[in-house]
>>> print(open('data-v3.cif').read())   # mmCIF, C-alpha atoms and all ligand atoms
data_upload
#
loop_
_atom_site.group_PDB
_atom_site.id
_atom_site.type_symbol
_atom_site.label_atom_id
_atom_site.label_comp_id
_atom_site.auth_asym_id
_atom_site.auth_seq_id
_atom_site.Cartn_x
_atom_site.Cartn_y
_atom_site.Cartn_z
ATOM 1 C CA MET A 1 -22.745 42.114 -110.963
ATOM 2 C CA THR A 2 -22.750 38.649 -112.533
ATOM 3 C CA ARG A 3 -25.846 36.554 -113.267
ATOM 4 C CA VAL A 4 -25.146 33.181 -111.689
ATOM 5 C CA PHE A 5 -27.304 30.052 -111.542
ATOM 6 C CA VAL A 6 -26.464 27.550 -108.781
ATOM 7 C CA TRP A 7 -27.176 23.991 -109.932
ATOM 8 C CA GLY A 8 -27.622 21.794 -106.847
ATOM 9 C CA ALA A 9 -28.856 23.717 -103.821
ATOM 10 C CA GLY A 10 -27.623 21.406 -101.080
ATOM 11 C CA ARG A 11 -25.330 22.415 -98.237
ATOM 12 C CA CYS A 12 -22.602 23.920 -100.413
ATOM 13 C CA GLY A 13 -24.911 25.322 -103.110
ATOM 14 C CA ARG A 14 -27.084 27.213 -100.629
ATOM 15 C CA ALA A 15 -24.062 28.673 -98.877
ATOM 16 C CA LEU A 16 -22.603 29.853 -102.199
ATOM 17 C CA ALA A 17 -25.963 31.268 -103.347
ATOM 18 C CA HIS A 18 -26.215 33.254 -100.096
ATOM 19 C CA GLY A 19 -22.620 34.424 -100.559
ATOM 20 C CA LEU A 20 -23.318 35.520 -104.149
ATOM 21 C CA HIS A 21 -26.484 37.326 -103.119
ATOM 22 C CA ALA A 22 -24.750 39.072 -100.201
ATOM 23 C CA ALA A 23 -21.984 40.201 -102.605
ATOM 24 C CA GLY A 24 -24.568 41.877 -104.865
ATOM 25 C CA HIS A 25 -24.667 39.348 -107.695
ATOM 26 C CA ASP A 26 -27.857 38.379 -109.474
ATOM 27 C CA VAL A 27 -28.608 34.828 -108.326
ATOM 28 C CA ALA A 28 -30.728 33.843 -111.327
ATOM 29 C CA GLY A 29 -31.954 30.793 -109.448
ATOM 30 C CA THR A 30 -31.065 27.552 -107.765
ATOM 31 C CA TRP A 31 -32.016 24.010 -108.751
ATOM 32 C CA ASN A 32 -32.938 20.927 -106.749
ATOM 33 C CA ARG A 33 -34.393 17.611 -107.794
ATOM 34 C CA THR A 34 -37.658 17.885 -105.892
ATOM 35 C CA ALA A 35 -40.030 20.620 -104.697
ATOM 36 C CA GLU A 36 -39.447 19.492 -101.125
ATOM 37 C CA SER A 37 -35.682 19.981 -101.313
ATOM 38 C CA ALA A 38 -36.086 23.237 -103.280
ATOM 39 C CA GLU A 39 -38.207 24.705 -100.462
ATOM 40 C CA ARG A 40 -36.048 23.430 -97.598
ATOM 41 C CA GLY A 41 -34.580 26.341 -95.620
ATOM 42 C CA GLY A 42 -36.550 28.922 -97.683
ATOM 43 C CA PRO A 43 -37.925 31.368 -98.584
ATOM 44 C CA PHE A 44 -35.000 32.685 -100.623
ATOM 45 C CA PRO A 45 -34.364 36.005 -102.320
ATOM 46 C CA TRP A 46 -33.996 34.132 -105.662
ATOM 47 C CA PRO A 47 -36.226 31.690 -107.580
ATOM 48 C CA ALA A 48 -35.810 28.088 -106.376
ATOM 49 C CA PHE A 49 -36.422 25.667 -109.263
ATOM 50 C CA HIS A 50 -36.814 21.895 -109.283
ATOM 51 C CA GLY A 51 -37.606 19.067 -111.680
ATOM 52 C CA SER A 52 -36.277 17.751 -114.967
ATOM 53 C CA GLU A 53 -36.664 20.900 -117.110
ATOM 54 C CA VAL A 54 -33.687 23.247 -117.364
ATOM 55 C CA PRO A 55 -35.175 26.616 -116.316
ATOM 56 C CA GLU A 56 -34.972 29.558 -118.716
ATOM 57 C CA ALA A 57 -33.220 31.490 -115.909
ATOM 58 C CA CYS A 58 -30.411 28.946 -116.057
ATOM 59 C CA LEU A 59 -30.127 29.045 -119.844
ATOM 60 C CA GLU A 60 -29.895 32.844 -119.673
ATOM 61 C CA ALA A 61 -27.351 32.985 -116.837
ATOM 62 C CA GLU A 62 -23.750 34.026 -117.531
ATOM 63 C CA VAL A 63 -22.305 31.540 -115.044
ATOM 64 C CA VAL A 64 -23.602 28.144 -113.928
ATOM 65 C CA TRP A 65 -22.006 26.937 -110.687
ATOM 66 C CA PHE A 66 -22.499 23.182 -110.189
ATOM 67 C CA THR A 67 -22.836 22.063 -106.582
ATOM 68 C CA VAL A 68 -24.360 18.622 -107.098
ATOM 69 C CA LEU A 69 -22.610 15.475 -105.879
ATOM 70 C CA ASP A 70 -19.213 14.998 -107.523
ATOM 71 C CA SER A 71 -20.454 11.935 -109.395
ATOM 72 C CA GLN A 72 -23.360 13.915 -110.913
ATOM 73 C CA ILE A 73 -21.464 16.939 -112.227
ATOM 74 C CA GLN A 74 -20.844 15.620 -115.737
ATOM 75 C CA THR A 75 -24.425 14.433 -116.279
ATOM 76 C CA ALA A 76 -25.783 17.749 -115.019
ATOM 77 C CA ALA A 77 -23.341 19.736 -117.144
ATOM 78 C CA ASN A 78 -24.353 17.782 -120.226
ATOM 79 C CA ALA A 79 -28.017 18.633 -119.689
ATOM 80 C CA VAL A 80 -27.597 22.256 -118.662
ATOM 81 C CA LEU A 81 -24.649 23.926 -120.359
ATOM 82 C CA ARG A 82 -24.904 26.060 -123.491
ATOM 83 C CA PRO A 83 -22.057 27.543 -125.577
ATOM 84 C CA HIS A 84 -22.223 30.996 -123.947
ATOM 85 C CA HIS A 85 -21.977 29.720 -120.342
ATOM 86 C CA ILE A 86 -18.997 30.041 -118.042
ATOM 87 C CA ALA A 87 -19.205 26.801 -116.052
ATOM 88 C CA LEU A 88 -17.814 26.323 -112.541
ATOM 89 C CA HIS A 89 -18.065 23.447 -110.129
ATOM 90 C CA ALA A 90 -17.396 23.375 -106.397
ATOM 91 C CA ALA A 91 -15.895 19.901 -106.032
ATOM 92 C CA GLY A 92 -12.438 19.652 -104.477
ATOM 93 C CA ALA A 93 -11.383 16.312 -105.939
ATOM 94 C CA VAL A 94 -12.706 16.626 -109.521
ATOM 95 C CA ALA A 95 -10.943 18.378 -112.403
ATOM 96 C CA ALA A 96 -12.592 21.287 -114.217
ATOM 97 C CA ARG A 97 -12.491 19.429 -117.532
ATOM 98 C CA VAL A 98 -15.445 17.281 -116.424
ATOM 99 C CA LEU A 99 -17.477 20.366 -117.433
ATOM 100 C CA ARG A 100 -16.071 20.495 -120.990
ATOM 101 C CA ILE A 101 -18.898 18.911 -122.970
ATOM 102 C CA ALA A 102 -17.611 19.872 -126.441
ATOM 103 C CA SER A 103 -14.878 22.122 -127.797
ATOM 104 C CA ASP A 104 -17.413 24.941 -128.159
ATOM 105 C CA ARG A 105 -19.695 24.153 -125.197
ATOM 106 C CA PRO A 106 -19.492 25.815 -122.715
ATOM 107 C CA ALA A 107 -17.418 28.956 -123.310
ATOM 108 C CA SER A 108 -14.971 28.203 -120.493
ATOM 109 C CA VAL A 109 -14.698 25.896 -117.469
ATOM 110 C CA ALA A 110 -13.088 26.005 -114.024
ATOM 111 C CA SER A 111 -13.444 24.379 -110.663
ATOM 112 C CA CYS A 112 -13.890 26.826 -107.811
ATOM 113 C CA HIS A 113 -13.822 24.893 -104.564
ATOM 114 C CA PRO A 114 -14.434 26.519 -101.180
ATOM 115 C CA LEU A 115 -12.035 25.162 -98.539
ATOM 116 C CA GLN A 116 -14.828 25.291 -96.040
ATOM 117 C CA THR A 117 -17.323 22.976 -94.382
ATOM 118 C CA PHE A 118 -21.064 23.543 -94.775
ATOM 119 C CA THR A 119 -23.191 21.200 -92.720
ATOM 120 C CA ASP A 120 -26.702 22.563 -93.081
ATOM 121 C CA ASP A 121 -28.933 24.713 -95.257
ATOM 122 C CA LEU A 122 -28.396 27.812 -93.152
ATOM 123 C CA SER A 123 -24.625 28.125 -93.073
ATOM 124 C CA PRO A 124 -23.778 31.660 -91.917
ATOM 125 C CA PRO A 125 -22.470 33.932 -94.736
ATOM 126 C CA HIS A 126 -19.120 34.467 -93.030
ATOM 127 C CA LEU A 127 -18.255 30.820 -93.801
ATOM 128 C CA VAL A 128 -18.114 31.746 -97.507
ATOM 129 C CA GLN A 129 -16.655 35.205 -96.926
ATOM 130 C CA GLN A 130 -13.780 33.890 -94.777
ATOM 131 C CA ALA A 131 -13.017 30.845 -96.931
ATOM 132 C CA THR A 132 -10.146 30.336 -99.317
ATOM 133 C CA PHE A 133 -11.145 28.954 -102.729
ATOM 134 C CA GLY A 134 -8.991 26.583 -104.775
ATOM 135 C CA ILE A 135 -9.387 27.412 -108.483
ATOM 136 C CA GLU A 136 -8.276 25.315 -111.475
ATOM 137 C CA GLY A 137 -9.237 25.209 -115.142
ATOM 138 C CA GLU A 138 -9.305 27.352 -118.294
ATOM 139 C CA ALA A 139 -8.148 30.971 -118.369
ATOM 140 C CA ALA A 140 -11.462 32.799 -118.922
ATOM 141 C CA ALA A 141 -13.367 30.799 -116.298
ATOM 142 C CA ILE A 142 -10.458 31.176 -113.848
ATOM 143 C CA GLU A 143 -10.795 34.964 -114.209
ATOM 144 C CA THR A 144 -14.563 34.740 -113.588
ATOM 145 C CA ALA A 145 -14.030 32.521 -110.553
ATOM 146 C CA LYS A 146 -11.381 34.905 -109.165
ATOM 147 C CA SER A 147 -13.651 37.900 -109.537
ATOM 148 C CA LEU A 148 -16.585 36.124 -107.813
ATOM 149 C CA VAL A 149 -14.323 35.049 -104.949
ATOM 150 C CA ASP A 150 -12.887 38.585 -104.660
ATOM 151 C CA SER A 151 -16.428 39.963 -104.498
ATOM 152 C CA PHE A 152 -17.116 37.715 -101.467
ATOM 153 C CA GLY A 153 -14.092 39.232 -99.746
ATOM 154 C CA ALA A 154 -12.643 35.700 -99.728
ATOM 155 C CA SER A 155 -9.155 34.509 -100.773
ATOM 156 C CA HIS A 156 -8.108 32.138 -103.524
ATOM 157 C CA PHE A 157 -5.188 30.246 -104.973
ATOM 158 C CA VAL A 158 -4.895 28.776 -108.457
ATOM 159 C CA VAL A 159 -3.806 25.153 -108.892
ATOM 160 C CA GLU A 160 -2.196 24.325 -112.230
ATOM 161 C CA ASP A 161 -2.141 20.597 -111.933
ATOM 162 C CA GLU A 162 -5.261 18.404 -111.600
ATOM 163 C CA GLN A 163 -3.491 15.783 -109.459
ATOM 164 C CA ALA A 164 -2.252 18.474 -107.076
ATOM 165 C CA LYS A 165 -5.861 19.517 -106.657
ATOM 166 C CA VAL A 166 -6.847 16.035 -105.451
ATOM 167 C CA LEU A 167 -3.907 16.146 -103.035
ATOM 168 C CA TYR A 168 -4.935 19.464 -101.506
ATOM 169 C CA HIS A 169 -8.499 18.125 -101.224
ATOM 170 C CA ALA A 170 -7.102 15.186 -99.227
ATOM 171 C CA ALA A 171 -5.367 17.764 -97.013
ATOM 172 C CA CYS A 172 -8.714 19.541 -96.455
ATOM 173 C CA CYS A 173 -10.334 16.242 -95.441
ATOM 174 C CA VAL A 174 -7.514 15.574 -92.955
ATOM 175 C CA ALA A 175 -7.945 19.038 -91.426
ATOM 176 C CA SER A 176 -11.735 19.114 -91.330
ATOM 177 C CA ASN A 177 -13.179 15.590 -91.328
ATOM 178 C CA ALA A 178 -10.406 14.066 -89.213
ATOM 179 C CA MET A 179 -10.822 16.893 -86.708
ATOM 180 C CA VAL A 180 -14.480 15.918 -86.291
ATOM 181 C CA ALA A 181 -13.432 12.308 -85.671
ATOM 182 C CA LEU A 182 -10.813 13.608 -83.215
ATOM 183 C CA ALA A 183 -13.470 15.633 -81.367
ATOM 184 C CA ASP A 184 -15.550 12.474 -81.089
ATOM 185 C CA ARG A 185 -12.658 10.709 -79.341
ATOM 186 C CA ALA A 186 -12.346 13.642 -76.933
ATOM 187 C CA VAL A 187 -16.102 13.391 -76.270
ATOM 188 C CA SER A 188 -15.626 9.713 -75.367
ATOM 189 C CA LEU A 189 -13.028 10.694 -72.766
ATOM 190 C CA PHE A 190 -15.375 13.381 -71.396
ATOM 191 C CA SER A 191 -18.118 10.798 -71.256
ATOM 192 C CA ALA A 192 -15.888 8.450 -69.225
ATOM 193 C CA ALA A 193 -15.355 11.413 -66.866
ATOM 194 C CA GLY A 194 -19.132 11.671 -66.377
ATOM 195 C CA VAL A 195 -19.807 14.685 -68.653
ATOM 196 C CA SER A 196 -22.675 14.237 -71.108
ATOM 197 C CA ARG A 197 -21.717 13.980 -74.771
ATOM 198 C CA THR A 198 -23.689 17.149 -75.605
ATOM 199 C CA ASP A 199 -22.128 19.164 -72.767
ATOM 200 C CA ALA A 200 -18.745 17.877 -73.900
ATOM 201 C CA LEU A 201 -19.313 19.098 -77.462
ATOM 202 C CA ARG A 202 -20.410 22.526 -76.223
ATOM 203 C CA ALA A 203 -17.351 22.718 -73.980
ATOM 204 C CA LEU A 204 -14.958 21.589 -76.695
ATOM 205 C CA SER A 205 -16.147 23.993 -79.395
ATOM 206 C CA PRO A 206 -14.576 27.186 -77.961
ATOM 207 C CA LEU A 207 -11.380 25.223 -77.336
ATOM 208 C CA ILE A 208 -11.311 24.058 -80.955
ATOM 209 C CA MET A 209 -12.118 27.582 -82.184
ATOM 210 C CA GLY A 210 -9.356 29.024 -80.001
ATOM 211 C CA THR A 211 -6.946 26.478 -81.466
ATOM 212 C CA ALA A 212 -8.075 27.382 -84.988
ATOM 213 C CA GLU A 213 -7.519 31.061 -84.232
ATOM 214 C CA ASN A 214 -4.015 30.329 -82.941
ATOM 215 C CA LEU A 215 -3.324 28.328 -86.101
ATOM 216 C CA SER A 216 -4.531 31.231 -88.249
ATOM 217 C CA ARG A 217 -1.687 33.359 -86.831
ATOM 218 C CA ALA A 218 0.969 30.620 -86.854
ATOM 219 C CA ASN A 219 3.793 30.179 -89.346
ATOM 220 C CA GLU A 220 4.152 26.513 -88.401
ATOM 221 C CA ALA A 221 1.541 24.265 -86.771
ATOM 222 C CA SER A 222 3.846 23.850 -83.753
ATOM 223 C CA ASP A 223 3.452 27.616 -83.031
ATOM 224 C CA ALA A 224 -0.171 26.899 -82.061
ATOM 225 C CA LEU A 225 0.666 24.135 -79.608
ATOM 226 C CA SER A 226 0.123 24.303 -75.855
ATOM 227 C CA GLY A 227 -0.457 21.580 -73.240
ATOM 228 C CA PRO A 228 1.626 19.123 -71.239
ATOM 229 C CA ILE A 229 3.695 17.643 -74.077
ATOM 230 C CA HIS A 230 4.595 21.122 -75.286
ATOM 231 C CA ARG A 231 5.435 22.218 -71.702
ATOM 232 C CA GLY A 232 7.392 19.044 -71.046
ATOM 233 C CA ASP A 233 5.108 18.147 -68.132
ATOM 234 C CA THR A 234 5.915 14.449 -67.969
ATOM 235 C CA ASP A 235 3.905 13.824 -64.783
ATOM 236 C CA VAL A 236 0.700 15.097 -66.383
ATOM 237 C CA VAL A 237 1.143 12.869 -69.433
ATOM 238 C CA ARG A 238 1.833 9.938 -67.083
ATOM 239 C CA ALA A 239 -1.356 10.772 -65.140
ATOM 240 C CA HIS A 240 -3.364 10.916 -68.389
ATOM 241 C CA LEU A 241 -2.117 7.482 -69.370
ATOM 242 C CA GLU A 242 -2.910 5.989 -65.962
ATOM 243 C CA SER A 243 -6.368 7.482 -65.763
ATOM 244 C CA ILE A 244 -7.289 6.467 -69.329
ATOM 245 C CA ALA A 245 -6.016 2.936 -68.670
ATOM 246 C CA LYS A 246 -8.267 2.721 -65.594
ATOM 247 C CA ARG A 247 -11.433 4.462 -66.751
ATOM 248 C CA CYS A 248 -11.438 4.266 -70.543
ATOM 249 C CA PRO A 249 -8.911 1.633 -71.685
ATOM 250 C CA SER A 250 -10.334 1.489 -75.215
ATOM 251 C CA GLU A 251 -8.899 5.008 -75.771
ATOM 252 C CA LEU A 252 -5.379 4.221 -74.587
ATOM 253 C CA THR A 253 -3.859 3.224 -77.921
ATOM 254 C CA PHE A 254 -5.420 6.242 -79.567
ATOM 255 C CA TYR A 255 -4.080 8.599 -76.874
ATOM 256 C CA ARG A 256 -0.586 7.172 -77.251
ATOM 257 C CA ASP A 257 -0.712 7.487 -81.061
ATOM 258 C CA MET A 258 -1.953 11.063 -80.805
ATOM 259 C CA ALA A 259 0.685 11.961 -78.198
ATOM 260 C CA ASN A 260 3.383 10.528 -80.464
ATOM 261 C CA GLU A 261 2.115 12.736 -83.317
ATOM 262 C CA ILE A 262 2.332 15.765 -80.990
ATOM 263 C CA LEU A 263 5.871 14.731 -80.015
ATOM 264 C CA LYS A 264 6.886 15.055 -83.672
ATOM 265 C CA LEU A 265 6.156 18.790 -83.290
ATOM 266 C CA VAL A 266 8.204 19.078 -80.078
ATOM 267 C CA PRO A 267 10.761 16.274 -80.442
ATOM 268 C CA LYS A 268 12.821 17.419 -77.438
ATOM 269 C CA SER A 269 9.918 17.267 -74.982
ATOM 270 C CA PRO A 270 10.806 15.265 -71.829
ATOM 271 C CA ALA A 271 7.213 13.946 -71.962
ATOM 272 C CA ARG A 272 8.649 11.403 -74.397
ATOM 273 C CA ASP A 273 9.767 9.445 -71.272
ATOM 274 C CA ALA A 274 6.176 8.959 -70.070
ATOM 275 C CA LEU A 275 5.170 7.567 -73.454
ATOM 276 C CA ALA A 276 8.171 5.254 -73.604
ATOM 277 C CA GLU A 277 7.248 3.545 -70.265
HETATM 278 N N1 LIG B 301 -20.678 20.565 -97.937
HETATM 279 C C1 LIG B 301 -19.444 21.010 -97.943
HETATM 280 O O1 LIG B 301 -18.894 21.301 -96.878
HETATM 281 C C2 LIG B 301 -18.709 21.231 -99.235
HETATM 282 C C3 LIG B 301 -17.536 22.034 -99.197
HETATM 283 C C4 LIG B 301 -16.840 22.257 -100.383
HETATM 284 C C5 LIG B 301 -17.298 21.697 -101.565
HETATM 285 N N2 LIG B 301 -18.418 20.909 -101.586
HETATM 286 C C6 LIG B 301 -18.834 20.328 -102.865
HETATM 287 O O2 LIG B 301 -20.177 20.716 -103.142
HETATM 288 C C7 LIG B 301 -20.819 19.657 -103.869
HETATM 289 C C8 LIG B 301 -22.097 19.282 -103.143
HETATM 290 O O3 LIG B 301 -21.799 18.830 -101.843
HETATM 291 P P1 LIG B 301 -22.853 19.087 -100.645
HETATM 292 O O4 LIG B 301 -22.129 18.725 -99.396
HETATM 293 O O5 LIG B 301 -23.468 20.435 -100.782
HETATM 294 O O6 LIG B 301 -23.917 17.945 -100.966
HETATM 295 P P2 LIG B 301 -25.478 17.921 -100.617
HETATM 296 O O7 LIG B 301 -25.811 18.835 -99.492
HETATM 297 O O8 LIG B 301 -25.842 16.491 -100.505
HETATM 298 O O9 LIG B 301 -26.172 18.522 -101.930
HETATM 299 C C9 LIG B 301 -26.095 17.801 -103.125
HETATM 300 C C10 LIG B 301 -26.934 18.470 -104.187
HETATM 301 O O10 LIG B 301 -26.895 17.573 -105.315
HETATM 302 C C11 LIG B 301 -28.205 17.147 -105.634
HETATM 303 N N3 LIG B 301 -28.172 15.707 -105.960
HETATM 304 C C12 LIG B 301 -28.036 14.673 -105.099
HETATM 305 N N4 LIG B 301 -28.053 13.496 -105.780
HETATM 306 C C13 LIG B 301 -28.234 13.818 -107.067
HETATM 307 C C14 LIG B 301 -28.385 13.068 -108.265
HETATM 308 N N5 LIG B 301 -28.349 11.734 -108.253
HETATM 309 N N6 LIG B 301 -28.549 13.733 -109.424
HETATM 310 C C15 LIG B 301 -28.591 15.077 -109.446
HETATM 311 N N7 LIG B 301 -28.469 15.861 -108.339
HETATM 312 C C16 LIG B 301 -28.296 15.231 -107.178
HETATM 313 C C17 LIG B 301 -29.079 17.398 -104.430
HETATM 314 O O11 LIG B 301 -30.389 17.621 -104.867
HETATM 315 P P3 LIG B 301 -31.601 17.612 -103.809
HETATM 316 O O12 LIG B 301 -31.345 18.776 -102.918
HETATM 317 O O13 LIG B 301 -32.819 17.762 -104.607
HETATM 318 O O14 LIG B 301 -31.490 16.302 -103.065
HETATM 319 C C18 LIG B 301 -28.406 18.632 -103.816
HETATM 320 O O15 LIG B 301 -28.900 19.798 -104.420
HETATM 321 C C19 LIG B 301 -19.809 18.511 -103.970
HETATM 322 O O16 LIG B 301 -19.158 18.615 -105.220
HETATM 323 C C20 LIG B 301 -18.829 18.805 -102.852
HETATM 324 O O17 LIG B 301 -17.536 18.310 -103.139
HETATM 325 C C21 LIG B 301 -19.132 20.668 -100.432
#
>>> encode(input="data-v3.cif", output="C-alpha cells")
Amino acid sequence: MTRVFVWGAGRCGRALAHGLHAAGHDVAGTWNRTAESAERGGPFPWPAFHGSEVPEACLEAEVVWFTVLDSQIQTAANAVLRPHHIALHAAGAVAARVLRIASDRPASVASCHPLQTFTDDLSPPHLVQQATFGIEGEAAAIETAKSLVDSFGASHFVVEDEQAKVLYHAACCVASNAMVALADRAVSLFSAAGVSRTDALRALSPLIMGTAENLSRANEASDALSGPIHRGDTDVVRAHLESIAKRCPSELTFYRDMANEILKLVPKSPARDALAE
C-alpha cells in the first residue's frame, strides 16, 4: 500500500484517486482550488482539501500525483514537493523533468499518463483499470509508477524519449478527440435523416463500442473494418454519395475524404470507382 496525494482533483485526478482507493492504496487526500470544486461529486473516502495551504497529508505522502492543467504542473510542484517525495504527473504531452525542482527535491520524478478519456467527476473505475499508462522519467519514480499501475490491473509502457512522448500523445488525441468530432459528423447525417441528435448519439454508441472491441482484437486496423467499401459494394457507396448530395450537401466533401481514408486500408476495393465519378 502506497500513501498517495492527488494534487488537482478534476476529471483525471478524481478517476485516478478512485482507482488508487479501489486498488487498496492510502489516498492521503486530494486538492482543489476552492471548497466548491473540492466537494463536487463527493463525499469521498479520502480527505478533500482546498485552498492555498499545502495540507500536512500532502507533505507526509510518499507519492504526489499532479493532475492539474499541464500549464500549472511546474508551479504546483514548486509549492508542494519536498525532498522525500516521489512526484508523478498525468500529462501526456509534458516531460517528467518539469517536476524536478532542484537536484535534491523531490526524490524522483516521472510522468504517468493514462491513455484514457475522463469526462466527468464520476468516471467508472474500469476506465482506469482497463487503461494503458505511458510512463517516462527517472528510474525510481518509474518503478513507483509501474507498481501503482500494476496494482490497478492496468498495463503500461515506458517511453525513453521526451519527444516520442509528445508524439504518442498526439496519437491519443487523434484516436479519442478526433473520434468525438467524427461522431458529431455522423450525428449530422442522422439529423438530416430525421433522427434527433440525442437518439443518434445513443444509437451510435454501441456501434462505436463494437468497433473499439473489434480493434482491441485486431493486429492491424484494417482487421476491424466492415461496411460497403470493405465489401466492395460500389452501388451502396454511390447511393450514399447521391443521398448526401441531395439531403445534406455540406457533408459531401467530408464523406468523400473519409471514404478515401478507408480506401487506403482496402486499396483494391472496387468502391474506388464510385468515389472517382
Ligand atoms: N481528462 C482526461 O481525459 C485526461 C486523460 C489523461 C490525462 N489527463 C491529464 O490530467 C491533467 C488534468 O486534466 P483534466 O482533464 O482532469 O482537467 P480538469 O478536469 O480541468 O481538472 C484540472 C484540475 O486542475 C486544477 N486547476 C485548474 N486551473 C488551475 C490553476 N490555474 N492553478 C492550479 N490548479 C488549477 C483544477 O482545480 P479546481 O477543481 O479547483 O478547478 C482541477 O483540479 C492534465 O495534465 C491532463 O493532460 C487528463
>>> closest_residue(input="data-v3.cif", among="A:Ala76, A:Leu81, A:Val4, A:Ala17", to="ligand LIG 301 (chain B)", atoms="all atoms listed in the file")
A:Ala76
>>> axis_aligned_box(input="data-v3.cif", around="ligand LIG 301 (chain B)", padding_each_side="3 Å", output="lines of an AutoDock Vina configuration file")
center_x = -24.8
center_y = 17.0
center_z = -103.2
size_x = 22.0
size_y = 16.5
size_z = 18.6
>>> closest_residue(input="data-v3.cif", among="A:Asp26, A:Asp70, A:Glu36, A:Glu213", to="ligand LIG 301 (chain B)", atoms="only C-alpha atoms and all ligand atoms")
A:Asp70
>>> closest_residue(input="data-v3.cif", among="A:Ser269, A:Ser111, A:Thr211, A:Gln74", to="Gly232 (chain A)", atoms="only C-alpha atoms")
A:Ser269
>>> resolve_selection(input="data-v3.cif", expression="the PyMOL selection byres (((chain A and resi 22) around 12) and not hetatm)", output="ChimeraX atom specification")
/A:1,15-21,23-27,45-46,124-126,128-129,148,151-153
>>> residues_near_point(input="data-v3.cif", point="(-18.8, 27.0, -119.9)", cutoff="6 Å", atoms="all atoms listed in the file", output="short mmCIF file (atom, residue, chain, number, x, y, z; two decimals) with C-alpha atoms, in the coordinates of the input")
data_model
loop_
_atom_site.label_atom_id
_atom_site.label_comp_id
_atom_site.auth_asym_id
_atom_site.auth_seq_id
_atom_site.Cartn_x
_atom_site.Cartn_y
_atom_site.Cartn_z
CA HIS A 85 -21.98 29.72 -120.34
CA ILE A 86 -19.00 30.04 -118.04
CA ALA A 87 -19.20 26.80 -116.05
CA PRO A 106 -19.49 25.82 -122.72
CA ALA A 107 -17.42 28.96 -123.31
CA SER A 108 -14.97 28.20 -120.49
CA VAL A 109 -14.70 25.90 -117.47
#
>>> resolve_selection(input="data-v3.cif", expression="the PyMOL selection byres (((chain A and resi 31) around 10) and not hetatm)", output="PDB file with C-alpha atoms, in the coordinates of the input")
ATOM      1  CA  PHE A   5     -27.304  30.052-111.542  1.00  0.00           C
ATOM      2  CA  VAL A   6     -26.464  27.550-108.781  1.00  0.00           C
ATOM      3  CA  TRP A   7     -27.176  23.991-109.932  1.00  0.00           C
ATOM      4  CA  GLY A   8     -27.622  21.794-106.847  1.00  0.00           C
ATOM      5  CA  ALA A   9     -28.856  23.717-103.821  1.00  0.00           C
ATOM      6  CA  GLY A  10     -27.623  21.406-101.080  1.00  0.00           C
ATOM      7  CA  GLY A  13     -24.911  25.322-103.110  1.00  0.00           C
ATOM      8  CA  GLY A  29     -31.954  30.793-109.448  1.00  0.00           C
ATOM      9  CA  THR A  30     -31.065  27.552-107.765  1.00  0.00           C
ATOM     10  CA  ASN A  32     -32.938  20.927-106.749  1.00  0.00           C
ATOM     11  CA  ARG A  33     -34.393  17.611-107.794  1.00  0.00           C
ATOM     12  CA  THR A  34     -37.658  17.885-105.892  1.00  0.00           C
ATOM     13  CA  ALA A  35     -40.030  20.620-104.697  1.00  0.00           C
ATOM     14  CA  SER A  37     -35.682  19.981-101.313  1.00  0.00           C
ATOM     15  CA  ALA A  38     -36.086  23.237-103.280  1.00  0.00           C
ATOM     16  CA  PRO A  47     -36.226  31.690-107.580  1.00  0.00           C
ATOM     17  CA  ALA A  48     -35.810  28.088-106.376  1.00  0.00           C
ATOM     18  CA  PHE A  49     -36.422  25.667-109.263  1.00  0.00           C
ATOM     19  CA  HIS A  50     -36.814  21.895-109.283  1.00  0.00           C
ATOM     20  CA  GLY A  51     -37.606  19.067-111.680  1.00  0.00           C
ATOM     21  CA  SER A  52     -36.277  17.751-114.967  1.00  0.00           C
ATOM     22  CA  VAL A  54     -33.687  23.247-117.364  1.00  0.00           C
ATOM     23  CA  PRO A  55     -35.175  26.616-116.316  1.00  0.00           C
ATOM     24  CA  CYS A  58     -30.411  28.946-116.057  1.00  0.00           C
ATOM     25  CA  PHE A  66     -22.499  23.182-110.189  1.00  0.00           C
ATOM     26  CA  THR A  67     -22.836  22.063-106.582  1.00  0.00           C
ATOM     27  CA  VAL A  68     -24.360  18.622-107.098  1.00  0.00           C
TER      28      VAL A  68
END
>>> closest_residue(input="data-v3.cif", among="A:Ser103, A:Thr2, A:Thr144, A:Ser176", to="ligand LIG 301 (chain B)", atoms="only C-alpha atoms and all ligand atoms")
A:Ser176
>>> resolve_selection(input="data-v3.cif", expression="the PyMOL selection byres (((chain A and resi 92) around 8) and not hetatm)", output="list in words")
Ala90, Ala91, Ala93, Val94, Ser111, His113, Pro114, Gly134, Lys165, Val166 and His169 of chain A
>>> residues_around(input="data-v3.cif", residues="Asp199 (chain A)", least_positions_apart="4", cutoff="10 Å", atoms="only C-alpha atoms", output="MDAnalysis selection string")
chainID A and resid 187 190:191 195 203:204
>>> closest_residue(input="data-v3.cif", among="A:Thr253, A:Gln163, A:Asn177, A:Ser222", to="Ala96 (chain A)", atoms="all atoms listed in the file")
A:Gln163
>>> residues_around(input="data-v3.cif", residues="Ala259 (chain A)", least_positions_apart="3", cutoff="9 Å", atoms="all atoms listed in the file", output="JSON, numbers by chain")
{"A": [229, 237, 254, 255, 256, 262, 263, 264, 272, 275]}
